[in-house]
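**Student:** Below is one structure. I have some questions about it.
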Amino acid sequence: MTIVAAADGSALGNPGPAGWAWYVDETCWRAGGWPHGTNNMGELMAVLDLFKSTAHMPAEPLHILCDSQYVINSVTKWMPGWKRKGWKKSDGKPVLNLELLKEIDAALVGRKYTFEWVKGHAGHHLNEAADDRARDAATAYQAKRSPNAGPGFPGASTPDTSAGAAEETVAATTNTKSPVTPVRQAAAAPVQERLLLDELEQPDLFSMLEDEADPAFAAHGPESLEIVVGLERELLNPEVRADPLRAGELLHPNFAEIGVSGRRWSRQEILDMFADEEPASIDLQVLSLDLLGTDSALLTYRSVSPAGSALRSSLWQLHNGQWRLRHHQGTRES
């Protein structure tokens with residue numbers, strides 16, 4: 001029988017008091033967190049603890065519902081390449097959240113699993129239940145009290161929480177090169193949680209919109225450019241354009257556009273237009289993709305829709321470790 005569970009994370013301030021949770025039903029869920037962490041740490045920890053909590057049932061497939069594309073892509077797409085490179089990114093720097101990812105990699109051995117992306121904060125029952133519990137755990141740490149750890153998975157062994165005083169510190173892998181403040185593991189956490197806090201000093205300006213963030217990649221390397229094309233396709237998706245939270249995450253704070261009509265649009269005007277437009281399928285045909293310096297990429301492509309075709313150029317920039325669309329321009333084809 002396939003075990004279907006939602007996994008989610010939350011951070012109040014990102015970084016800040018953080019929580020994680022997985023949820024099957026009211027009798028089968030777990031939650032935990034830390035006094036200081038990030039959304040991505042919570043998302044990863046929820047997945048890791050779900051695998052550990054079901055380790056006594058190795059033959060049962062896991063179907064994990066997750067609203068974090070970062071987690072899904074990390075586990076299902078990028079992790080093999082990171083391992084081949086010694087757990088390094090294309091710029092030679094260590095992968096973010098390394099210890100959690102290594103533990104997930106070990107927990108996957110011999111397991112059958114699938115991931116399904118679900119839209120966050122959209123009324124999905126299991127996702128909402130996991131999100132509520134993750135946020136409750138973060139709120140508990142904010143109030144300096146122990147969170148409700150939940151009933152756990154039936155038949156699972158009792159997790160070891162004796163390492164509550166253990167500490168682990170690492171140097172930040174951000175541009176600041178400054179060390180990260182040590183974080184103490186809380187004994188109230190349901191499992192021994194080893195934290196790599198290499199992104200705590202880089203709060204995302206858009207993290208208050210939605211508890212999900214894309215991974216930071218260096219601007220050089222093929223996987224980084226593939227991400228740029230993927231994000232451009234995502235921005236053309238009618239469902240994404242209708243979601244002001246996700247669309248806002250993709251646009252740079254100083255975004256501007258010169259449309260096919262010659263009009264200049266501000267970021268807010270574009271978001272307002274997205275909310276009002278009729279859904280339409282738009283095909284993207286890549287013409288070129290070039291790096292401009294170390295933190296920018298220029299994508300040119302042809303868009304084809306029921307309204308016709310246009311030649312377009314998009315300037316993507318790394319902003320706080322995230323690829324965001326800085327400028328866009330379109331010219332209608334005759």
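Labels used: A, B, ... for chains in the order of the structure tokens, numbers from 1 for residues in each chain, and numbers from 1 for ligands as shown.
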Residues near A:Glu277, anyone? I mean within 10 Å using only C-alpha atoms, not counting same-chain ones fewer than 3 positions away, as a list of chain:residue names.
**Tutor:**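 In the requested format, the answer is A:Pro238, A:Arg241, A:Ala242, A:Asp272, A:Met273, A:Phe274, A:Ala280.
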**Student:** Kindly export the residues of the current selection with all heavy atoms, as a JSON list (two decimals), in the first residue's frame.
**Tutor:**
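Writing the result to part.json gives the following:
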[["chain", "number", "residue", "atom", "x", "y", "z"],
["A", 238, "PRO", "N", -0.08, 30.04, -17.58],
["A", 238, "PRO", "CA", -1.26, 30.80, -17.11],
["A", 238, "PRO", "C", -1.53, 30.64, -15.61],
["A", 238, "PRO", "O", -1.95, 31.59, -14.95],
["A", 238, "PRO", "CB", -2.40, 30.20, -17.94],
["A", 238, "PRO", "CG", -1.75, 29.69, -19.18],
["A", 238, "PRO", "CD", -0.41, 29.18, -18.74],
["A", 241, "ARG", "N", 0.97, 32.88, -13.79],
["A", 241, "ARG", "CA", 0.65, 34.30, -14.00],
["A", 241, "ARG", "C", -0.58, 34.71, -13.19],
["A", 241, "ARG", "O", -0.72, 35.87, -12.80],
["A", 241, "ARG", "CB", 0.41, 34.56, -15.49],
["A", 241, "ARG", "CG", 1.68, 34.40, -16.32],
["A", 241, "ARG", "CD", 1.36, 34.27, -17.80],
["A", 241, "ARG", "NE", 1.04, 35.53, -18.44],
["A", 241, "ARG", "CZ", 1.91, 36.33, -19.05],
["A", 241, "ARG", "NH1", 3.20, 35.99, -19.07],
["A", 241, "ARG", "NH2", 1.53, 37.43, -19.66],
["A", 242, "ALA", "N", -1.47, 33.75, -12.93],
["A", 242, "ALA", "CA", -2.66, 34.04, -12.14],
["A", 242, "ALA", "C", -2.38, 34.01, -10.64],
["A", 242, "ALA", "O", -3.25, 34.37, -9.83],
["A", 242, "ALA", "CB", -3.78, 33.05, -12.47],
["A", 272, "ASP", "N", -0.51, 43.31, -12.04],
["A", 272, "ASP", "CA", -1.93, 43.62, -12.17],
["A", 272, "ASP", "C", -2.48, 43.09, -13.49],
["A", 272, "ASP", "O", -3.61, 42.58, -13.55],
["A", 272, "ASP", "CB", -2.16, 45.12, -12.08],
["A", 272, "ASP", "CG", -1.88, 45.68, -10.69],
["A", 272, "ASP", "OD1", -1.85, 44.89, -9.73],
["A", 272, "ASP", "OD2", -1.68, 46.90, -10.57],
["A", 273, "MET", "N", -1.69, 43.20, -14.56],
["A", 273, "MET", "CA", -2.11, 42.71, -15.86],
["A", 273, "MET", "C", -2.27, 41.20, -15.83],
["A", 273, "MET", "O", -3.24, 40.64, -16.37],
["A", 273, "MET", "CB", -1.12, 43.11, -16.93],
["A", 273, "MET", "CG", -1.53, 42.69, -18.35],
["A", 273, "MET", "SD", -0.20, 42.89, -19.55],
["A", 273, "MET", "CE", 0.87, 41.52, -19.07],
["A", 274, "PHE", "N", -1.32, 40.51, -15.19],
["A", 274, "PHE", "CA", -1.41, 39.06, -15.07],
["A", 274, "PHE", "C", -2.71, 38.65, -14.41],
["A", 274, "PHE", "O", -3.35, 37.68, -14.81],
["A", 274, "PHE", "CB", -0.24, 38.52, -14.23],
["A", 274, "PHE", "CG", 1.08, 38.49, -14.94],
["A", 274, "PHE", "CD1", 2.24, 38.17, -14.25],
["A", 274, "PHE", "CD2", 1.18, 38.78, -16.30],
["A", 274, "PHE", "CE1", 3.47, 38.13, -14.89],
["A", 274, "PHE", "CE2", 2.41, 38.76, -16.95],
["A", 274, "PHE", "CZ", 3.55, 38.43, -16.25],
["A", 280, "ALA", "N", -4.09, 31.93, -21.54],
["A", 280, "ALA", "CA", -3.77, 31.56, -22.91],
["A", 280, "ALA", "C", -2.49, 30.74, -22.92],
["A", 280, "ALA", "O", -1.56, 31.02, -22.16],
["A", 280, "ALA", "CB", -3.60, 32.81, -23.79]]
**Student:** Excluding A:Gly110 and any residue of its chain fewer than 5 positions from it, enumerate the residues within 10 Å of it, using only C-alpha atoms, and give them as a PyMOL selection string.
**Tutor:** chain A and resi 55+58-59
**Student:** Please, could you write that set of residues out with N, CA and C atoms as a PDB file, in the first residue's frame?
**Tutor:**
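Result file is selection-v3.pdb:
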ATOM      1  N   ALA A  55      10.928   4.014   7.928  1.00  0.00           N
ATOM      2  CA  ALA A  55      12.025   3.096   7.618  1.00  0.00           C
ATOM      3  C   ALA A  55      11.704   1.656   8.008  1.00  0.00           C
ATOM      4  N   PRO A  58      10.042  -0.661   4.675  1.00  0.00           N
ATOM      5  CA  PRO A  58      10.817  -0.359   3.465  1.00  0.00           C
ATOM      6  C   PRO A  58      10.150  -0.795   2.165  1.00  0.00           C
ATOM      7  N   ALA A  59       9.244  -1.755   2.241  1.00  0.00           N
ATOM      8  CA  ALA A  59       8.597  -2.239   1.019  1.00  0.00           C
ATOM      9  C   ALA A  59       7.437  -1.363   0.580  1.00  0.00           C
TER      10      ALA A  59
END
**Student:** Can you list, as a ChimeraX atom specification, every protein, DNA or RNA residue that comes within 8 Å of A:Leu315 when you count only C-alpha atoms, leaving out same-chain residues fewer than 5 positions away?
**Tutor:** /A:296-299,325-328
**Student:** Could you save those same residues with all heavy atoms as an mmCIF file, in the first residue's frame?
**Tutor:**
data_model
loop_
_atom_site.group_PDB
_atom_site.id
_atom_site.type_symbol
_atom_site.label_atom_id
_atom_site.label_comp_id
_atom_site.auth_asym_id
_atom_site.auth_seq_id
_atom_site.Cartn_x
_atom_site.Cartn_y
_atom_site.Cartn_z
ATOM 1 N N SER A 296 24.332 37.466 -14.526
ATOM 2 C CA SER A 296 23.241 37.831 -15.429
ATOM 3 C C SER A 296 23.230 36.897 -16.623
ATOM 4 O O SER A 296 24.278 36.397 -17.051
ATOM 5 C CB SER A 296 23.387 39.278 -15.925
ATOM 6 O OG SER A 296 23.399 40.190 -14.849
ATOM 7 N N ALA A 297 22.049 36.660 -17.167
ATOM 8 C CA ALA A 297 21.890 35.835 -18.360
ATOM 9 C C ALA A 297 20.839 36.478 -19.252
ATOM 10 O O ALA A 297 19.809 36.965 -18.777
ATOM 11 C CB ALA A 297 21.466 34.420 -17.982
ATOM 12 N N LEU A 298 21.117 36.500 -20.551
ATOM 13 C CA LEU A 298 20.207 37.076 -21.532
ATOM 14 C C LEU A 298 19.602 35.952 -22.365
ATOM 15 O O LEU A 298 20.306 35.222 -23.053
ATOM 16 C CB LEU A 298 20.938 38.061 -22.442
ATOM 17 C CG LEU A 298 20.082 38.702 -23.549
ATOM 18 C CD1 LEU A 298 18.972 39.560 -22.948
ATOM 19 C CD2 LEU A 298 20.958 39.537 -24.482
ATOM 20 N N LEU A 299 18.295 35.821 -22.275
ATOM 21 C CA LEU A 299 17.542 34.808 -23.029
ATOM 22 C C LEU A 299 16.754 35.497 -24.128
ATOM 23 O O LEU A 299 16.015 36.445 -23.869
ATOM 24 C CB LEU A 299 16.587 34.064 -22.087
ATOM 25 C CG LEU A 299 15.566 33.137 -22.740
ATOM 26 C CD1 LEU A 299 16.265 31.954 -23.429
ATOM 27 C CD2 LEU A 299 14.560 32.639 -21.702
ATOM 28 N N LEU A 325 13.681 37.877 -12.991
ATOM 29 C CA LEU A 325 13.613 38.581 -14.265
ATOM 30 C C LEU A 325 13.747 40.077 -14.027
ATOM 31 O O LEU A 325 12.913 40.691 -13.365
ATOM 32 C CB LEU A 325 12.288 38.268 -14.966
ATOM 33 C CG LEU A 325 12.106 38.862 -16.362
ATOM 34 C CD1 LEU A 325 13.218 38.415 -17.290
ATOM 35 C CD2 LEU A 325 10.742 38.454 -16.933
ATOM 36 N N ARG A 326 14.821 40.665 -14.575
ATOM 37 C CA ARG A 326 15.112 42.083 -14.348
ATOM 38 C C ARG A 326 14.497 42.975 -15.417
ATOM 39 O O ARG A 326 14.001 44.069 -15.130
ATOM 40 C CB ARG A 326 16.642 42.283 -14.314
ATOM 41 C CG ARG A 326 17.086 43.732 -14.162
ATOM 42 C CD ARG A 326 16.666 44.289 -12.822
ATOM 43 N NE ARG A 326 17.178 45.633 -12.623
ATOM 44 C CZ ARG A 326 16.636 46.732 -13.140
ATOM 45 N NH1 ARG A 326 15.543 46.641 -13.883
ATOM 46 N NH2 ARG A 326 17.161 47.910 -12.899
ATOM 47 N N HIS A 327 14.535 42.535 -16.674
ATOM 48 C CA HIS A 327 14.000 43.358 -17.781
ATOM 49 C C HIS A 327 13.503 42.428 -18.875
ATOM 50 O O HIS A 327 14.089 41.385 -19.158
ATOM 51 C CB HIS A 327 15.081 44.281 -18.329
ATOM 52 C CG HIS A 327 14.595 45.166 -19.443
ATOM 53 N ND1 HIS A 327 13.865 46.305 -19.211
ATOM 54 C CD2 HIS A 327 14.704 45.050 -20.777
ATOM 55 C CE1 HIS A 327 13.570 46.878 -20.368
ATOM 56 N NE2 HIS A 327 14.066 46.136 -21.345
ATOM 57 N N HIS A 328 12.399 42.857 -19.521
ATOM 58 C CA HIS A 328 11.846 42.062 -20.622
ATOM 59 C C HIS A 328 11.388 43.015 -21.727
ATOM 60 O O HIS A 328 10.871 44.101 -21.459
ATOM 61 C CB HIS A 328 10.656 41.222 -20.154
ATOM 62 C CG HIS A 328 10.040 40.408 -21.241
ATOM 63 N ND1 HIS A 328 10.594 39.218 -21.690
ATOM 64 C CD2 HIS A 328 8.935 40.616 -22.000
ATOM 65 C CE1 HIS A 328 9.851 38.736 -22.667
ATOM 66 N NE2 HIS A 328 8.842 39.556 -22.878
#
**Student:** Skip A:Ala247 itself and residues of its chain fewer than 5 positions away, then list as a list in words all residues within 12 Å of it, counting only C-alpha atoms.
**Tutor:** Phe206, Leu209, Glu210, Leu231, Glu232, Arg233, Glu234, Leu235, Leu236, Asn237, Pro238, Glu239, Val240, Arg241, Ala242, His252, Pro253, Phe255, Arg267, Gln268, Ile270, Leu271, Asp272, Met273, Phe274, Ala275, Arg324 and Leu325 of chain A
**Student:** Would you write out those residues with C-alpha atoms, as a PDB file, in the first residue's frame?
**Tutor:**
ATOM      1  CA  PHE A 206      10.141  37.494  -1.286  1.00  0.00           C
ATOM      2  CA  LEU A 209       5.088  35.954   0.243  1.00  0.00           C
ATOM      3  CA  GLU A 210       5.335  32.199   0.094  1.00  0.00           C
ATOM      4  CA  LEU A 231      11.765  29.921 -14.963  1.00  0.00           C
ATOM      5  CA  GLU A 232      10.913  31.809 -18.165  1.00  0.00           C
ATOM      6  CA  ARG A 233       8.573  28.972 -19.183  1.00  0.00           C
ATOM      7  CA  GLU A 234       7.057  29.055 -15.716  1.00  0.00           C
ATOM      8  CA  LEU A 235       6.388  32.785 -16.043  1.00  0.00           C
ATOM      9  CA  LEU A 236       4.481  32.088 -19.271  1.00  0.00           C
ATOM     10  CA  ASN A 237       2.323  29.474 -17.543  1.00  0.00           C
ATOM     11  CA  PRO A 238      -1.263  30.795 -17.105  1.00  0.00           C
ATOM     12  CA  GLU A 239      -1.520  29.246 -13.629  1.00  0.00           C
ATOM     13  CA  VAL A 240       1.654  30.961 -12.476  1.00  0.00           C
ATOM     14  CA  ARG A 241       0.646  34.296 -14.003  1.00  0.00           C
ATOM     15  CA  ALA A 242      -2.661  34.043 -12.135  1.00  0.00           C
ATOM     16  CA  HIS A 252      13.064  41.350  -9.769  1.00  0.00           C
ATOM     17  CA  PRO A 253      12.091  44.199  -7.392  1.00  0.00           C
ATOM     18  CA  PHE A 255      11.638  44.769 -12.980  1.00  0.00           C
ATOM     19  CA  ARG A 267       6.556  45.524 -12.033  1.00  0.00           C
ATOM     20  CA  GLN A 268       3.266  46.252 -10.293  1.00  0.00           C
ATOM     21  CA  ILE A 270       2.656  43.664 -14.965  1.00  0.00           C
ATOM     22  CA  LEU A 271       1.407  41.814 -11.885  1.00  0.00           C
ATOM     23  CA  ASP A 272      -1.930  43.616 -12.169  1.00  0.00           C
ATOM     24  CA  MET A 273      -2.114  42.710 -15.859  1.00  0.00           C
ATOM     25  CA  PHE A 274      -1.409  39.057 -15.071  1.00  0.00           C
ATOM     26  CA  ALA A 275      -4.312  39.038 -12.625  1.00  0.00           C
ATOM     27  CA  ARG A 324      14.748  36.890 -11.096  1.00  0.00           C
ATOM     28  CA  LEU A 325      13.613  38.581 -14.265  1.00  0.00           C
TER      29      LEU A 325
END
**Student:** Go through A:Ala156, A:Met57, A:Ala137, A:Leu108 one by one, measure the shortest atom-to-atom distance of each to A:Gly16 using only C-alpha atoms, and give the residue with the smallest value.
**Tutor:**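 Among the listed residues, A:Ala137 lies closest to A:Gly16.
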**Student:** For A:Gly155, list every protein, DNA or RNA residue within 12 Å, evaluated using only C-alpha atoms, and leave out those in the same chain fewer than 3 positions away; present the list as a ChimeraX atom specification.
**Tutor:** /A:28,52-57,151-152,158-159
**Student:** So the first atom is atom CA of A:Asp8 and the second is atom CA of A:Gln69; what is the distance between them in Å, to one decimal place?
**Tutor:** 11.5 Å
